[in-house]
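Novice: Data file query_19.csv (CSV, C-alpha atoms) is appended below.
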```
chain,number,residue,atom,x,y,z
A,31,MET,CA,4.9,-121.0,221.1
A,32,SER,CA,7.3,-118.9,223.2
A,33,ASN,CA,9.3,-118.0,220.0
A,34,ILE,CA,6.1,-116.8,218.3
A,35,VAL,CA,5.1,-114.7,221.3
A,36,ALA,CA,8.6,-113.2,221.4
A,37,ARG,CA,8.5,-112.4,217.7
A,38,GLU,CA,5.1,-110.7,218.1
A,39,ALA,CA,6.4,-108.7,221.0
A,40,LEU,CA,9.4,-107.6,218.8
A,41,TRP,CA,7.1,-106.6,216.0
A,42,ALA,CA,5.0,-104.6,218.4
A,43,MET,CA,8.2,-102.7,219.4
A,44,VAL,CA,9.0,-102.1,215.8
A,45,HIS,CA,5.6,-100.6,215.2
A,46,ALA,CA,5.9,-98.4,218.2
A,47,GLU,CA,9.3,-97.1,217.2
A,48,ARG,CA,8.2,-96.4,213.7
A,49,ALA,CA,5.2,-94.4,215.1
A,50,ALA,CA,7.5,-92.4,217.4
A,51,LEU,CA,9.8,-91.5,214.5
A,52,ALA,CA,6.9,-90.5,212.3
A,53,ALA,CA,5.7,-88.2,215.0
A,54,ASP,CA,9.2,-86.6,215.2
A,55,LEU,CA,9.3,-86.1,211.5
A,56,ALA,CA,5.9,-84.4,211.2
A,57,ASP,CA,7.2,-80.9,211.9
A,58,LEU,CA,10.5,-80.9,210.0
A,59,ASP,CA,11.1,-78.2,207.5
A,60,ASP,CA,12.8,-78.6,204.1
A,61,GLN,CA,16.2,-77.8,205.5
A,62,GLN,CA,15.9,-80.4,208.2
A,63,TRP,CA,14.8,-83.0,205.6
A,64,GLY,CA,18.0,-82.3,203.8
A,65,GLN,CA,20.2,-82.5,206.9
A,66,GLN,CA,23.1,-84.9,206.7
A,67,SER,CA,22.3,-88.0,208.8
A,68,LEU,CA,24.7,-90.3,210.6
A,69,CYS,CA,24.2,-93.0,208.0
A,70,GLY,CA,26.9,-92.5,205.4
A,71,SER,CA,26.1,-90.0,202.7
A,72,TRP,CA,22.3,-90.2,203.2
A,73,VAL,CA,20.3,-87.1,204.2
A,74,VAL,CA,17.3,-87.4,206.5
A,75,GLU,CA,14.8,-88.0,203.7
A,76,GLU,CA,16.9,-90.7,202.2
A,77,VAL,CA,17.1,-92.6,205.5
A,78,VAL,CA,13.3,-92.4,205.9
A,79,ALA,CA,12.8,-93.7,202.3
A,80,HIS,CA,15.3,-96.5,203.2
A,81,LEU,CA,13.2,-97.5,206.2
A,82,THR,CA,10.1,-97.6,204.0
A,83,ALA,CA,11.9,-99.8,201.5
A,84,ALA,CA,13.1,-102.2,204.1
A,85,ALA,CA,9.6,-102.7,205.4
A,86,SER,CA,8.2,-103.2,201.8
A,87,ILE,CA,10.4,-106.1,200.5
A,88,GLY,CA,10.2,-109.8,201.3
A,89,ARG,CA,12.9,-112.4,201.0
A,90,ARG,CA,12.2,-113.3,197.4
A,91,ARG,CA,12.2,-109.7,196.0
A,92,TRP,CA,15.1,-108.8,198.2
A,93,LEU,CA,17.2,-111.7,196.7
A,94,PHE,CA,16.3,-110.7,193.2
A,95,SER,CA,17.2,-107.1,193.9
A,96,VAL,CA,20.6,-108.1,195.4
A,97,LEU,CA,21.3,-110.4,192.4
A,98,GLY,CA,20.3,-107.6,190.1
A,99,ALA,CA,22.8,-105.3,191.8
A,100,ARG,CA,25.5,-108.1,191.6
A,101,PHE,CA,25.8,-108.2,195.4
A,102,ASP,CA,26.6,-104.5,195.5
A,103,PHE,CA,24.5,-103.7,198.6
A,104,ASP,CA,25.0,-99.9,198.3
A,105,LYS,CA,23.5,-100.1,194.8
A,106,HIS,CA,20.7,-102.4,196.0
A,107,ASN,CA,19.9,-100.0,198.9
A,108,ASN,CA,20.0,-96.9,196.7
A,109,ARG,CA,17.7,-98.4,194.1
A,110,ARG,CA,15.1,-99.4,196.7
A,111,LEU,CA,15.4,-96.1,198.4
A,112,ALA,CA,14.7,-94.2,195.2
A,113,GLU,CA,11.7,-96.4,194.6
A,114,HIS,CA,10.2,-95.4,198.0
A,115,ARG,CA,11.2,-91.8,198.1
A,116,GLY,CA,8.4,-89.4,197.4
A,117,ALA,CA,8.3,-86.4,195.1
A,118,THR,CA,8.4,-84.2,198.3
A,119,PRO,CA,9.4,-84.8,201.9
A,120,ALA,CA,5.7,-84.9,202.8
A,121,GLU,CA,5.1,-87.7,200.4
A,122,THR,CA,8.1,-89.6,201.7
A,123,LEU,CA,6.7,-89.3,205.2
A,124,GLN,CA,3.3,-90.4,204.0
A,125,ARG,CA,4.8,-93.5,202.5
A,126,PHE,CA,6.7,-94.2,205.7
A,127,ARG,CA,3.5,-93.9,207.8
A,128,ALA,CA,1.8,-96.4,205.5
A,129,ILE,CA,4.2,-99.1,206.5
A,130,ARG,CA,4.1,-98.4,210.2
A,131,THR,CA,2.5,-101.8,211.1
A,132,SER,CA,4.2,-103.8,208.3
A,133,THR,CA,5.7,-107.1,209.2
A,134,THR,CA,7.3,-107.6,205.8
A,135,ALA,CA,11.0,-108.3,206.1
A,136,ALA,CA,13.9,-109.8,204.0
A,137,SER,CA,14.6,-112.4,206.8
A,138,GLY,CA,13.1,-113.8,210.0
A,139,HIS,CA,15.6,-112.0,212.2
A,140,THR,CA,13.0,-109.8,213.8
A,141,ALA,CA,15.4,-108.2,216.2
A,142,ALA,CA,17.4,-107.0,213.2
A,143,TRP,CA,14.4,-105.1,211.8
A,144,LEU,CA,13.8,-103.6,215.2
A,145,GLY,CA,17.5,-102.5,215.1
A,146,GLU,CA,16.9,-101.1,211.6
A,147,VAL,CA,14.3,-98.6,212.9
A,148,ILE,CA,16.1,-97.8,216.2
A,149,VAL,CA,19.5,-97.2,214.6
A,150,HIS,CA,18.2,-95.2,211.7
A,151,ALA,CA,15.9,-93.2,213.9
A,152,GLN,CA,18.9,-92.0,215.9
A,153,ASP,CA,20.8,-91.4,212.6
A,154,ILE,CA,18.1,-88.8,212.1
A,155,ARG,CA,17.5,-87.5,215.6
A,156,ARG,CA,21.1,-86.9,216.7
A,157,PRO,CA,22.0,-84.5,213.9
A,158,LEU,CA,18.7,-82.7,214.3
A,159,ASN,CA,19.0,-82.5,218.1
A,160,LEU,CA,15.6,-84.3,218.5
A,161,PRO,CA,15.3,-85.4,222.2
A,162,ALA,CA,13.2,-88.6,221.7
A,163,THR,CA,14.8,-92.0,222.2
A,164,PRO,CA,13.7,-95.6,221.9
A,165,THR,CA,12.6,-97.5,224.9
A,166,THR,CA,15.3,-99.3,226.9
A,167,GLU,CA,13.4,-102.5,226.6
A,168,ALA,CA,13.5,-102.4,222.8
A,169,THR,CA,17.1,-101.2,222.6
A,170,THR,CA,18.2,-104.0,224.9
A,171,GLU,CA,16.8,-106.6,222.5
A,172,VAL,CA,18.8,-105.0,219.7
A,173,ALA,CA,21.9,-104.8,221.8
A,174,ARG,CA,21.7,-108.5,222.5
A,175,PHE,CA,21.2,-109.3,218.9
A,176,TYR,CA,24.1,-107.2,217.7
A,177,SER,CA,26.4,-108.6,220.4
A,178,GLU,CA,25.8,-112.1,219.2
A,179,ARG,CA,26.5,-111.9,215.5
A,180,ASN,CA,27.6,-109.8,212.6
A,181,PHE,CA,24.5,-109.2,210.5
A,182,THR,CA,24.4,-106.0,208.4
A,183,VAL,CA,27.3,-104.5,210.3
A,184,PRO,CA,30.3,-106.1,212.0
A,185,SER,CA,28.8,-105.5,215.5
A,186,ARG,CA,30.1,-108.7,217.1
A,187,THR,CA,33.6,-108.1,215.7
A,188,ALA,CA,33.6,-104.6,217.0
A,189,ILE,CA,33.3,-105.7,220.6
A,190,GLU,CA,35.6,-108.7,220.7
A,191,GLY,CA,37.7,-108.7,223.8
A,192,LEU,CA,35.5,-106.0,225.5
A,193,ARG,CA,33.1,-106.1,228.3
A,194,LEU,CA,30.0,-104.0,227.7
A,195,GLU,CA,27.7,-103.0,230.6
A,196,ALA,CA,24.6,-100.8,230.3
A,197,THR,CA,24.1,-98.2,233.0
A,198,ASP,CA,20.4,-97.9,232.5
A,199,GLY,CA,19.3,-101.5,231.8
A,200,PRO,CA,20.1,-105.2,232.1
A,201,PHE,CA,22.3,-105.5,229.0
A,202,THR,CA,25.8,-107.0,229.6
A,203,THR,CA,28.1,-109.0,227.3
A,204,GLY,CA,31.7,-110.1,226.8
A,205,THR,CA,34.9,-110.2,228.8
A,206,GLY,CA,37.9,-107.9,228.7
A,207,LEU,CA,38.3,-104.1,228.9
A,208,LEU,CA,35.2,-102.5,230.3
A,209,VAL,CA,32.9,-100.2,228.3
A,210,THR,CA,29.9,-98.7,230.1
A,211,GLY,CA,27.1,-96.3,229.2
A,212,PRO,CA,23.5,-96.1,228.1
A,213,THR,CA,22.1,-99.1,226.3
A,214,LEU,CA,21.3,-96.9,223.3
A,215,ALA,CA,24.9,-95.6,223.1
A,216,LEU,CA,26.3,-99.1,223.3
A,217,THR,CA,23.9,-100.3,220.6
A,218,MET,CA,24.7,-97.4,218.2
A,219,ALA,CA,28.4,-97.9,218.7
A,220,MET,CA,28.0,-101.6,217.8
A,221,ALA,CA,26.2,-100.4,214.7
A,222,GLY,CA,29.2,-98.4,213.7
A,223,ARG,CA,28.0,-95.0,214.8
A,224,HIS,CA,31.4,-93.6,215.9
A,225,THR,CA,30.0,-90.4,217.5
A,226,TYR,CA,28.2,-92.5,220.2
A,227,CYS,CA,31.5,-93.5,221.7
A,228,ASP,CA,31.4,-90.0,223.2
A,229,ASP,CA,28.6,-91.2,225.4
A,230,LEU,CA,30.6,-94.2,226.8
A,231,SER,CA,33.1,-94.6,229.6
A,232,GLY,CA,35.7,-97.1,230.6
A,233,PRO,CA,39.2,-98.4,229.5
A,234,GLY,CA,37.7,-100.2,226.5
A,235,VAL,CA,36.3,-97.1,224.8
A,236,PRO,CA,39.5,-96.2,222.8
A,237,THR,CA,39.5,-99.7,221.3
A,238,LEU,CA,35.8,-99.5,220.4
A,239,ARG,CA,36.3,-96.0,219.1
A,240,ASP,CA,39.1,-97.2,216.8
A,241,ARG,CA,37.0,-100.1,215.6
A,242,THR,CA,34.0,-97.9,214.7
A,243,ALA,CA,36.0,-95.1,213.1
A,244,PRO,CA,34.7,-94.2,209.6
A,245,GLY,CA,35.9,-96.8,207.1
A,246,GLU,CA,36.2,-99.5,209.7
A,247,SER,CA,32.5,-100.4,210.2
A,248,GLY,CA,29.6,-100.5,207.9
A,249,THR,CA,27.1,-97.7,208.3
A,250,LYS,CA,24.0,-98.7,206.3
A,251,GLY,CA,21.6,-101.4,207.3
```
For this file, produce the structure as structure tokens.
Specialist:
Amino acid sequence: MSNIVAREALWAMVHAERAALAADLADLDDQQWGQQSLCGSWVVEEVVAHLTAAASIGRRRWLFSVLGARFDFDKHNNRRLAEHRGATPAETLQRFRAIRTSTTAASGHTAAWLGEVIVHAQDIRRPLNLPATPTTEATTEVARFYSERNFTVPSRTAIEGLRLEATDGPFTTGTGLLVTGPTLALTMAMAGRHTYCDDLSGPGVPTLRDRTAPGESGTKG
């Protein structure tokens, strides 16, 4: 029963973070929708369409899509993104709003899908200088998940031999050279977002920076 309650709580966080991102997107102009995100080559509108796609495909369809792309995950992601991108940014946003309370996912790793929206929201907010951030409670759950395994990005590998300590919450993990900073910055660095190393301190930061340099860690979830 406790696992079911925990999963429900995680989904509630997912829904809240989607709603917060939708609110941020409501007033973007066309130039902002075309702004380069932190997620590889994708612009803001493409990241939003990707989030809609991720919340619209279950395990069976996801597997068929990956098989159809011959395990080329970039091809898989781009196909699904194109499917859910609207004819205009307004339509793309409308489609994203429609999946706000979706619990559809390609796997049962609910913390991963919370991470999907938290990381991609920051992929959008940081380049646009949008001040909103996810809750520390939600980000802590994602940080714990990323520190325990390599899922869509090599997050566990990135922090081997390092000690991570959040300065604004309870998250800690590992042993070795110390890296400290906000939970969000630690999470984003584990997700391969190199620029967030600028928000971290400690003797382990150069190691983490090297491991998350472009080309070293995956950037699309």
Novice: At what distance in Å, to one decimal, does CA of Thr166 (chain A) lie from CA of Pro119 (chain A)?
Specialist: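 Distance reported for this atom pair: 29.5 Å.
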Novice: Would you list the contacts of Ala221 (chain A) as a short mmCIF file (atom, residue, chain, number, x, y, z; two decimals) with C-alpha atoms, keeping the file's coordinate frame, taking every protein, DNA or RNA residue within 12 Å and counting all atoms listed in the file, but skipping same-chain residues closer than 3 positions in sequence?
Specialist:
```cif
data_model
loop_
_atom_site.label_atom_id
_atom_site.label_comp_id
_atom_site.auth_asym_id
_atom_site.auth_seq_id
_atom_site.Cartn_x
_atom_site.Cartn_y
_atom_site.Cartn_z
CA LEU A 68 24.70 -90.30 210.60
CA CYS A 69 24.20 -93.00 208.00
CA ALA A 142 17.40 -107.00 213.20
CA GLY A 145 17.50 -102.50 215.10
CA GLU A 146 16.90 -101.10 211.60
CA ILE A 148 16.10 -97.80 216.20
CA VAL A 149 19.50 -97.20 214.60
CA HIS A 150 18.20 -95.20 211.70
CA GLN A 152 18.90 -92.00 215.90
CA ASP A 153 20.80 -91.40 212.60
CA VAL A 172 18.80 -105.00 219.70
CA ALA A 173 21.90 -104.80 221.80
CA PHE A 175 21.20 -109.30 218.90
CA TYR A 176 24.10 -107.20 217.70
CA SER A 177 26.40 -108.60 220.40
CA ARG A 179 26.50 -111.90 215.50
CA ASN A 180 27.60 -109.80 212.60
CA PHE A 181 24.50 -109.20 210.50
CA THR A 182 24.40 -106.00 208.40
CA VAL A 183 27.30 -104.50 210.30
CA PRO A 184 30.30 -106.10 212.00
CA SER A 185 28.80 -105.50 215.50
CA ARG A 186 30.10 -108.70 217.10
CA THR A 187 33.60 -108.10 215.70
CA ALA A 188 33.60 -104.60 217.00
CA ILE A 189 33.30 -105.70 220.60
CA LEU A 214 21.30 -96.90 223.30
CA ALA A 215 24.90 -95.60 223.10
CA LEU A 216 26.30 -99.10 223.30
CA THR A 217 23.90 -100.30 220.60
CA MET A 218 24.70 -97.40 218.20
CA HIS A 224 31.40 -93.60 215.90
CA THR A 225 30.00 -90.40 217.50
CA TYR A 226 28.20 -92.50 220.20
CA CYS A 227 31.50 -93.50 221.70
CA LEU A 238 35.80 -99.50 220.40
CA ARG A 239 36.30 -96.00 219.10
CA ARG A 241 37.00 -100.10 215.60
CA THR A 242 34.00 -97.90 214.70
CA ALA A 243 36.00 -95.10 213.10
CA PRO A 244 34.70 -94.20 209.60
CA GLU A 246 36.20 -99.50 209.70
CA SER A 247 32.50 -100.40 210.20
CA GLY A 248 29.60 -100.50 207.90
CA THR A 249 27.10 -97.70 208.30
CA LYS A 250 24.00 -98.70 206.30
CA GLY A 251 21.60 -101.40 207.30
#
```
Novice: Find the residues near Leu158 (chain A): any atom within 12 Å, counting only C-alpha atoms, skip ones fewer than 5 places away on the same chain, and give them as a list in words.
Specialist: Asp54, Leu55, Asp57, Leu58, Asp59, Gln61, Gln62, Trp63, Gly64, Gln65, Gln66, Ser67, Leu68, Val73, Val74, Ala151, Gln152 and Asp153 of chain A
Novice: May I ask for the distance between CA of Thr205 (chain A) and CA of Met220 (chain A), given in Å to one decimal place?
Specialist: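 For CA of Thr205 (chain A) relative to CA of Met220 (chain A), the distance reads 15.6 Å.
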Novice: What does the distance from CA of Arg156 (chain A) to CA of Ala135 (chain A) come to in Å, to one decimal?
Specialist: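 It comes out at 25.9 Å.
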Novice: When you look at Pro233 (chain A) with a cut-off of 8 Å (counting all atoms listed in the file), what residues show up, excluding the ones that are within fewer than 3 positions of it in the same chain? I need them as a list in words.
Specialist: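 Skipping anything fewer than 3 positions along the chain leaves Leu207, Leu208, Val209 and Pro236 of chain A.
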